[in-house]
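Okay, data_33.cif now, which holds mmCIF, C-alpha atoms:
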```
data_entry
#
loop_
_atom_site.label_atom_id
_atom_site.label_comp_id
_atom_site.auth_asym_id
_atom_site.auth_seq_id
_atom_site.Cartn_x
_atom_site.Cartn_y
_atom_site.Cartn_z
CA MET A 1 -1.43 17.38 -4.28
CA ASP A 2 -4.90 18.84 -4.65
CA THR A 3 -5.88 20.43 -7.89
CA THR A 4 -8.83 22.48 -9.12
CA SER A 5 -11.68 20.93 -11.07
CA GLY A 6 -13.69 22.69 -13.69
CA ALA A 7 -16.13 23.84 -11.00
CA GLY A 8 -13.37 25.30 -8.85
CA VAL A 9 -13.54 22.53 -6.25
CA LEU A 10 -10.17 21.28 -5.00
CA HIS A 11 -9.57 17.55 -5.33
CA PRO A 12 -6.55 15.23 -5.77
CA TYR A 13 -7.87 13.15 -8.67
CA TRP A 14 -7.01 12.61 -12.31
CA PRO A 15 -7.70 13.82 -14.92
CA ARG A 16 -7.00 17.28 -13.53
CA ASP A 17 -10.19 18.81 -14.93
CA LEU A 18 -12.44 16.13 -13.37
CA HIS A 19 -15.72 17.65 -12.22
CA ILE A 20 -16.59 16.63 -8.62
CA PRO A 21 -18.72 19.49 -7.21
CA SER A 22 -19.65 17.68 -3.98
CA TYR A 23 -16.12 16.60 -3.01
CA VAL A 24 -15.04 17.00 0.60
CA ALA A 25 -11.40 16.21 1.46
CA ASN A 26 -10.62 13.35 3.86
CA ASP A 27 -9.82 14.20 7.45
CA ARG A 28 -8.13 10.81 7.94
CA SER A 29 -4.59 10.17 6.75
CA MET A 30 -3.54 7.63 4.14
CA SER A 31 -1.59 5.68 6.77
CA GLU A 32 -4.62 5.45 9.07
CA ILE A 33 -6.77 4.06 6.27
CA LEU A 34 -4.16 1.59 5.03
CA VAL A 35 -3.37 0.39 8.56
CA PHE A 36 -7.05 -0.43 9.07
CA LEU A 37 -7.34 -2.27 5.75
CA PHE A 38 -4.22 -4.39 6.16
CA SER A 39 -4.70 -4.97 9.90
CA ALA A 40 -8.20 -6.30 9.30
CA SER A 41 -6.97 -8.50 6.44
CA VAL A 42 -4.00 -9.89 8.39
CA THR A 43 -6.22 -10.57 11.42
CA LEU A 44 -8.65 -12.51 9.22
CA VAL A 45 -5.78 -14.54 7.75
CA ILE A 46 -4.39 -15.42 11.18
CA VAL A 47 -7.78 -16.33 12.66
CA THR A 48 -8.81 -18.39 9.63
CA TYR A 49 -5.45 -20.17 9.47
CA LEU A 50 -5.72 -21.10 13.15
CA ILE A 51 -9.29 -22.33 12.71
CA THR A 52 -8.32 -24.55 9.78
CA GLY A 53 -5.74 -26.29 11.99
CA TRP A 54 -7.95 -26.56 15.04
CA LYS A 55 -9.91 -29.77 14.50
CA GLU A 56 -10.92 -32.38 11.96
CA PRO A 57 -11.51 -32.45 9.04
CA THR A 58 -9.52 -29.28 8.33
CA ARG A 59 -6.61 -30.34 10.55
CA ARG A 60 -5.44 -32.58 7.73
CA LEU A 61 -5.30 -29.72 5.22
CA GLY A 62 -1.86 -28.70 4.02
CA SER A 63 -0.50 -25.19 4.38
CA TRP A 64 -1.40 -24.32 0.76
CA ARG A 65 -5.02 -25.36 1.23
CA ARG A 66 -5.30 -23.50 4.52
CA LEU A 67 -3.95 -20.35 2.88
CA ALA A 68 -6.50 -20.75 0.09
CA VAL A 69 -9.26 -20.80 2.71
CA CYS A 70 -7.71 -17.66 4.25
CA TRP A 71 -7.84 -16.01 0.83
CA PHE A 72 -11.58 -16.67 0.57
CA ALA A 73 -12.12 -15.29 4.09
CA VAL A 74 -10.29 -12.05 3.24
CA CYS A 75 -12.11 -11.81 -0.10
CA GLY A 76 -15.44 -12.28 1.67
CA PHE A 77 -14.61 -9.35 3.94
CA ILE A 78 -13.36 -7.08 1.17
CA HIS A 79 -16.16 -7.93 -1.27
CA SER A 80 -19.04 -7.82 1.21
CA VAL A 81 -17.98 -5.01 3.54
CA ILE A 82 -15.69 -2.64 1.62
CA GLU A 83 -17.01 -3.14 -1.90
CA GLY A 84 -20.51 -3.61 -0.50
CA TRP A 85 -20.24 -0.11 0.97
CA PHE A 86 -19.36 1.28 -2.43
CA SER A 87 -22.26 -0.53 -4.10
CA LEU A 88 -24.68 1.05 -1.64
CA TYR A 89 -23.25 4.54 -1.19
CA TYR A 90 -21.33 5.29 -4.40
CA ASP A 91 -23.46 8.38 -5.04
CA ILE A 92 -22.55 10.12 -1.76
CA ILE A 93 -18.93 8.96 -1.30
CA PRO A 94 -17.32 12.21 -2.60
CA ARG A 95 -18.94 14.26 0.19
CA ASP A 96 -19.30 11.60 2.88
CA GLN A 97 -16.84 11.46 5.78
CA SER A 98 -17.61 8.00 7.19
CA PHE A 99 -14.53 5.80 7.41
CA LEU A 100 -15.31 3.49 4.47
CA SER A 101 -16.20 6.43 2.25
CA GLN A 102 -12.87 8.00 3.11
CA LEU A 103 -11.20 4.69 2.25
CA TRP A 104 -12.78 4.84 -1.19
CA LYS A 105 -11.78 8.48 -1.64
CA GLU A 106 -8.22 7.50 -0.80
CA TYR A 107 -8.26 4.56 -3.22
CA SER A 108 -9.74 6.80 -5.92
CA LYS A 109 -6.40 8.59 -6.11
CA GLY A 110 -5.36 5.47 -8.01
CA ASP A 111 -8.60 5.17 -9.98
CA SER A 112 -10.91 8.16 -9.99
CA ARG A 113 -13.69 6.16 -11.62
CA TYR A 114 -14.80 5.33 -8.10
CA VAL A 115 -15.22 8.89 -6.94
CA ILE A 116 -17.30 9.80 -10.00
CA ALA A 117 -19.43 6.61 -9.81
CA ASP A 118 -18.43 5.42 -13.26
CA ASN A 119 -21.02 2.99 -14.68
CA PHE A 120 -18.54 0.13 -14.99
CA THR A 121 -17.22 0.40 -11.44
CA VAL A 122 -20.72 0.61 -9.97
CA CYS A 123 -21.88 -2.45 -11.92
CA VAL A 124 -18.80 -4.62 -11.34
CA GLU A 125 -18.58 -3.77 -7.63
CA THR A 126 -22.29 -4.44 -7.12
CA VAL A 127 -21.96 -7.89 -8.69
CA THR A 128 -18.77 -8.54 -6.73
CA SER A 129 -20.19 -7.51 -3.38
CA TRP A 130 -23.57 -9.20 -3.60
CA ILE A 131 -22.53 -12.40 -5.38
CA TRP A 132 -18.84 -13.13 -4.88
CA GLY A 133 -18.80 -11.83 -1.30
CA PRO A 134 -21.37 -14.33 0.03
CA PHE A 135 -19.92 -17.04 -2.20
CA CYS A 136 -16.49 -16.52 -0.61
CA PHE A 137 -17.92 -17.02 2.88
CA TRP A 138 -19.78 -20.07 1.56
CA ALA A 139 -16.46 -21.42 0.26
CA VAL A 140 -14.85 -20.95 3.68
CA PHE A 141 -17.73 -22.90 5.25
CA ALA A 142 -17.49 -25.60 2.57
CA PHE A 143 -13.79 -26.17 3.19
CA LEU A 144 -14.15 -26.07 6.98
CA THR A 145 -16.88 -28.73 6.82
CA ASN A 146 -15.36 -30.75 3.97
CA LYS A 147 -18.35 -30.33 1.64
CA PRO A 148 -18.08 -32.26 -1.64
CA TYR A 149 -18.87 -29.14 -3.68
CA ARG A 150 -16.03 -27.05 -2.20
CA PHE A 151 -13.86 -27.13 -5.33
CA VAL A 152 -16.84 -26.30 -7.53
CA LEU A 153 -17.28 -23.15 -5.46
CA GLN A 154 -13.56 -22.42 -5.70
CA LEU A 155 -13.71 -22.67 -9.49
CA ILE A 156 -16.85 -20.53 -9.85
CA ILE A 157 -15.62 -17.78 -7.52
CA SER A 158 -12.15 -17.66 -9.04
CA LEU A 159 -13.50 -17.46 -12.58
CA GLY A 160 -15.80 -14.60 -11.54
CA GLN A 161 -12.97 -12.73 -9.81
CA LEU A 162 -10.62 -13.20 -12.74
CA TYR A 163 -13.22 -12.03 -15.25
CA GLY A 164 -13.98 -8.93 -13.19
CA ALA A 165 -10.29 -8.06 -12.76
CA VAL A 166 -9.54 -8.48 -16.46
CA LEU A 167 -12.46 -6.20 -17.37
CA TYR A 168 -11.31 -3.72 -14.71
CA PHE A 169 -7.86 -3.39 -16.25
CA PHE A 170 -9.00 -3.62 -19.86
CA THR A 171 -11.62 -0.87 -19.59
CA GLU A 172 -9.04 1.48 -18.04
CA HIS A 173 -6.49 0.51 -20.68
CA ARG A 174 -8.96 1.51 -23.39
CA ASP A 175 -9.45 4.83 -21.58
CA GLY A 176 -5.71 5.44 -21.75
CA TYR A 177 -5.05 5.23 -17.98
CA ILE A 178 -6.43 8.72 -17.52
CA HIS A 179 -7.97 8.11 -14.08
CA SER A 180 -4.70 8.04 -12.17
CA GLU A 181 -1.33 9.75 -12.20
CA PHE A 182 0.33 7.31 -14.60
CA GLY A 183 3.52 5.88 -13.11
CA HIS A 184 2.99 7.21 -9.58
CA PRO A 185 4.68 4.70 -7.21
CA VAL A 186 1.78 4.61 -4.73
CA TYR A 187 -1.39 5.62 -6.53
CA PHE A 188 -0.74 3.93 -9.86
CA TRP A 189 1.64 1.06 -9.16
CA PHE A 190 0.46 0.09 -5.67
CA TYR A 191 -3.22 1.06 -5.54
CA PHE A 192 -4.20 0.44 -9.14
CA VAL A 193 -1.78 -2.20 -10.43
CA PHE A 194 -0.54 -4.27 -7.48
CA MET A 195 -3.70 -4.43 -5.37
CA ASN A 196 -5.82 -5.47 -8.35
CA THR A 197 -3.27 -7.86 -9.85
CA LEU A 198 -3.79 -9.98 -6.73
CA TRP A 199 -7.25 -10.78 -8.14
CA ILE A 200 -5.69 -12.04 -11.35
CA VAL A 201 -2.75 -14.09 -10.07
CA THR A 202 -4.48 -15.77 -7.11
CA PRO A 203 -7.69 -16.74 -8.96
CA LEU A 204 -5.58 -18.16 -11.80
CA LEU A 205 -3.73 -20.42 -9.35
CA LEU A 206 -7.00 -21.47 -7.71
CA ILE A 207 -8.62 -22.20 -11.09
CA VAL A 208 -5.74 -24.53 -11.99
CA ASP A 209 -5.99 -26.14 -8.55
CA ALA A 210 -9.76 -26.64 -8.82
CA TRP A 211 -9.35 -28.02 -12.36
CA ARG A 212 -6.93 -30.64 -11.09
CA GLN A 213 -9.08 -31.57 -8.11
CA LEU A 214 -12.27 -31.87 -10.15
CA SER A 215 -10.51 -33.77 -12.93
CA ALA A 216 -9.10 -36.25 -10.41
CA ALA A 217 -12.56 -36.72 -8.92
CA GLN A 218 -14.05 -37.31 -12.37
CA ILE A 219 -11.34 -39.85 -13.22
CA HIS A 220 -12.10 -41.68 -10.00
CA ALA A 221 -15.84 -41.62 -10.75
CA ASP A 222 -15.22 -42.93 -14.30
CA VAL A 223 -13.08 -45.79 -12.98
CA ILE A 224 -15.79 -46.82 -10.53
CA LYS A 225 -18.44 -46.58 -13.24
CA THR A 226 -16.33 -48.77 -15.55
CA GLN A 227 -15.74 -51.34 -12.83
CA LYS A 228 -19.45 -51.55 -12.08
CA ALA A 229 -20.23 -51.95 -15.79
CA LYS A 230 -17.79 -54.86 -16.07
CA LYS A 231 -19.39 -56.67 -13.13
CA LYS A 232 -22.81 -56.66 -14.81
#
```
Using structure tokens, write down the structure that the file contains.
Amino acid sequence: MDTTSGAGVLHPYWPRDLHIPSYVANDRSMSEILVFLFSASVTLVIVTYLITGWKEPTRRLGSWRRLAVCWFAVCGFIHSVIEGWFSLYYDIIPRDQSFLSQLWKEYSKGDSRYVIADNFTVCVETVTSWIWGPFCFWAVFAFLTNKPYRFVLQLIISLGQLYGAVLYFFTEHRDGYIHSEFGHPVYFWFYFVFMNTLWIVTPLLLIVDAWRQLSAAQIHADVIKTQKAKKK
């Protein structure tokens, strides 16, 4: 439901007295925006999963590893395209009617910091889009071509994503969850909590995985080094 800001401009965001003088309501529905987002993500997962099983060396990857590569492909798209749009056009999103701006206006119902270009969201999304976005695509390439540094990339990206997500939740916690309708099943629990928790749970799993892979590689390198030292 729309409400009136201090300037008399109708908007659907919290807190109720939020001042957004340039706001223009979306002319696209929530379902249209969400269908685009999830259709694009699912398509990327399917295409990437098929590519990873197409030829060597990725044909030998297990299902878990292939899904991890799919995760990086989807993250590359979300970070570079969707969050990249915000990093470039955050100042005009409230009044802009292009599709990605409307996507951000819809998401802002779960976190209005985006529609008011809060300093934290602008900074964290700019870093995410211009660093972690390209790094995610680099990780996809590294796994598809079996590069020796692929798990280093996995660790770096996952640490960056986890750090950003923790700050994202913690800053809003300190604000008292005032930028969304607390407890709303869609805007709070789905948009704000669920969609962002993905960037805590998945990076944590990938950090543990990269830790194990890199530790095993280091053990192997230490064994070889010891064997060579004994031969001298």
- May I have the residues at most 12 Å from (-7.0, -14.3, 3.3) in the file's coordinates, counting only C-alpha atoms, as a VMD selection string? chain A and resid 38 to 49 64 to 78 136 to 137 140 198 to 199 202
- Query: Leaving out segment 118-129 of chain A and any residue of its chain fewer than 5 positions from it, which residues lie within 9 Å of it when counting all atoms listed in the file, given as a VMD selection string?
  - Reply: chain A and resid 76 78 to 88 90 112 to 113 134 160 to 161 164 167 to 168 171
Written file, previous selection with C-alpha atoms, as an mmCIF file, in the frame of the given file:
```cif
data_model
loop_
_atom_site.group_PDB
_atom_site.id
_atom_site.type_symbol
_atom_site.label_atom_id
_atom_site.label_comp_id
_atom_site.auth_asym_id
_atom_site.auth_seq_id
_atom_site.Cartn_x
_atom_site.Cartn_y
_atom_site.Cartn_z
ATOM 1 C CA GLY A 76 -15.440 -12.280 1.670
ATOM 2 C CA ILE A 78 -13.360 -7.080 1.170
ATOM 3 C CA HIS A 79 -16.160 -7.930 -1.270
ATOM 4 C CA SER A 80 -19.040 -7.820 1.210
ATOM 5 C CA VAL A 81 -17.980 -5.010 3.540
ATOM 6 C CA ILE A 82 -15.690 -2.640 1.620
ATOM 7 C CA GLU A 83 -17.010 -3.140 -1.900
ATOM 8 C CA GLY A 84 -20.510 -3.610 -0.500
ATOM 9 C CA TRP A 85 -20.240 -0.110 0.970
ATOM 10 C CA PHE A 86 -19.360 1.280 -2.430
ATOM 11 C CA SER A 87 -22.260 -0.530 -4.100
ATOM 12 C CA LEU A 88 -24.680 1.050 -1.640
ATOM 13 C CA TYR A 90 -21.330 5.290 -4.400
ATOM 14 C CA SER A 112 -10.910 8.160 -9.990
ATOM 15 C CA ARG A 113 -13.690 6.160 -11.620
ATOM 16 C CA PRO A 134 -21.370 -14.330 0.030
ATOM 17 C CA GLY A 160 -15.800 -14.600 -11.540
ATOM 18 C CA GLN A 161 -12.970 -12.730 -9.810
ATOM 19 C CA GLY A 164 -13.980 -8.930 -13.190
ATOM 20 C CA LEU A 167 -12.460 -6.200 -17.370
ATOM 21 C CA TYR A 168 -11.310 -3.720 -14.710
ATOM 22 C CA THR A 171 -11.620 -0.870 -19.590
#
```
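Distances here use all atoms listed in the file; by that measure, the residue among A:Gln227, A:Ser63, A:Ser22, A:Gln213 closest to Arg150 of chain A is A:Gln213.
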- Task: Enter the distance from atom CA of Leu155 of chain A to atom CA of Leu204 of chain A, in Å, rounded to one decimal.
- Result: 9.6 Å
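Compared by their closest atoms to Trp211 of chain A, and using only C-alpha atoms, the residues A:Trp189, A:Trp138, A:Val166, A:Ser158 rank with A:Ser158 nearest.
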